[in-house]
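Asker: Attaching a single structure in structure tokens format; questions to follow.
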Amino acid sequence: MPAATWDPVQYLRHAGHRARPFADLLARVPELPGKPPRIADLGCGPGHVTATLADRWPDAHVTGYDNSPAMLDRAVTEHEGPTPGGGRLDFAPADVRTWTPAEPYDLIISNATLQWVDGHLDRFAGWIDALAPGGTFAFQVPDNIDAPLHALMRELGRSPRWRDRLGDVLRHEDSVHAPGTYLDTLARTGCETDVWQTTYAHILPGEDPVLDWVKGTGLRPVLTALADDPASCEAFVAEYRDLLRRAYPSAPYGTVLPFRRLFGVARKAA
């Protein structure tokens, strides 16, 4: 996972658009076997979508895991505690690359996290082994590494002005696999498996909204790498902004950001 400092305030500026894929994923998750269910959210971020799990399963014990202290602080402050349905929300530090379930779970879910984790396919079998019979593993990842917002960032980072400082930061091979790879990996565990893709056409308001969007996610490693040199950081962002303006022109109703995501749901045999 690239070294990055996360900013929950910036991330949440587009919370509605970012939460929609999680809702679409959750709609395909079947009922859980536990009474009450035990749920893990891997890469919970600021906890705003983790909290929606308690809406679906009001009596559940839900734990969100993340490796960002800033994100966890926000999640604990705003969401941790008992839920009206008799369940509980809590949060704990963990690295998805090494997290191993210490107890059986009825649902292990991950939203927009596994794209940062090289080798995440190798983690699936262990997580599914930790599911209770009839439990579910579900995930969603961005699937648009070749979209202009990423391609232009890499191209700029490889330019003579920036390659010495950002070459390693932006030397990124896509860790998201083809849908068939996920289907095959999950189905071979014996799970009932569903994998699909959706392209959202987000209409973003305001000035330079695509830049504002990516400042909360994909640009974080660059912002972190240049944090000790504000002038250089401002210069890179200005160059990148100009490229994005041409790639994503504004319209009277806003700026359209096409954004493809990949989903997977695997239900363990009861």
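Labels for the structure tokens follow display order: chains A, B, ..., residues from 1 in each chain, ligands from 1.
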With a distance cut-off of 12 Å and only C-alpha atoms, select the neighbouring residues of A:Ala235, excluding the residue or stretch itself and same-chain residues fewer than 6 positions from it, and output the selection as an MDAnalysis selection string.

Answerer: chainID A and resid 156 161:162 222:223 226 229 241:242

Asker: Can you pull out the residues contacting A:Asp7? Cut-off 8 Å, using only C-alpha atoms, and skip same-chain residues under 2 positions away; I want them as a PyMOL selection string.

Answerer: chain A and resi 5+9-11+70-71+216

Asker: Could you please write out, as a PyMOL selection string, every residue of stretch 2-214 of chain A that DSSP assigns to strand (DSSP E)?

Answerer: chain A and resi 38-42+61-66+81-82+88-93+105-111+131-142+192-204

Asker: Can you work out which one of A:Cys44, A:Gly87, A:Pro36, A:Val210 has the shortest atom-to-atom distance to A:Phe139, counting only C-alpha atoms?

Answerer: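 Using only C-alpha atoms, the shortest distance to A:Phe139 belongs to A:Cys44.
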
Asker: Calculated over only C-alpha atoms, which of the candidates A:Val76, A:Leu152, A:Leu121, A:Ala27 has the smallest distance to A:Ala247?

Answerer: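 Of all the options, A:Leu152 lies closest to A:Ala247.
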
Asker: Restricting the calculation to only C-alpha atoms: of A:Ile128, A:Val237, A:Val265, A:Leu219, which residue gets closest to A:Ala4?

Answerer: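 Among A:Ile128, A:Val237, A:Val265, A:Leu219, it is A:Leu219 that comes nearest to A:Ala4.
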
Asker: Using only C-alpha atoms, determine which residues lie at most 9 Å from A:Val96, disregarding the query and same-chain residues fewer than 3 positions distant; provide the list as a CSV table (one decimal) with C-alpha atoms, in the first residue's frame.

Answerer:
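File selection_4.csv, as written:
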chain,number,residue,atom,x,y,z
A,42,LEU,CA,-12.0,-3.9,6.3
A,43,GLY,CA,-10.7,-0.4,5.5
A,65,TYR,CA,-10.7,-1.8,10.8
A,66,ASP,CA,-8.4,0.7,9.3
A,67,ASN,CA,-4.7,1.6,9.4
A,99,TRP,CA,-5.4,-8.8,9.3
A,100,THR,CA,-6.4,-12.3,10.3
A,113,THR,CA,-9.8,-0.6,0.0
A,114,LEU,CA,-8.4,-3.8,-1.7
A,117,VAL,CA,-3.4,-4.1,-1.3
A,120,HIS,CA,-5.2,-9.3,-1.9
A,123,ARG,CA,-6.1,-13.2,1.5

Asker: Please provide as a list in words all residues within 12 Å of A:Ala187, with the sequence filter that same-chain residues fewer than 3 positions apart are discarded (counting only C-alpha atoms).

Answerer: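 Selected residues are Phe124, Ala125, Ile128, Phe137, Gly180, Thr181, Tyr182, Leu183, Asp184, Gly190, Cys191, Glu192, Thr193, Asp194, Val195, Gly264, Val265, Ala266, Arg267, Lys268 and Ala269 of chain A.
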
Asker: Neighbours of A:Thr83 within 9 Å (only C-alpha atoms; same-chain residues fewer than 2 positions away dropped), as a list in words?

Answerer: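 My reading of the contact set: Ala54, Asp55, Pro58, Asp59, Ala60, Glu80, Gly81, Gly85, Gly86, Gly87, Arg88 and Leu89 of chain A.
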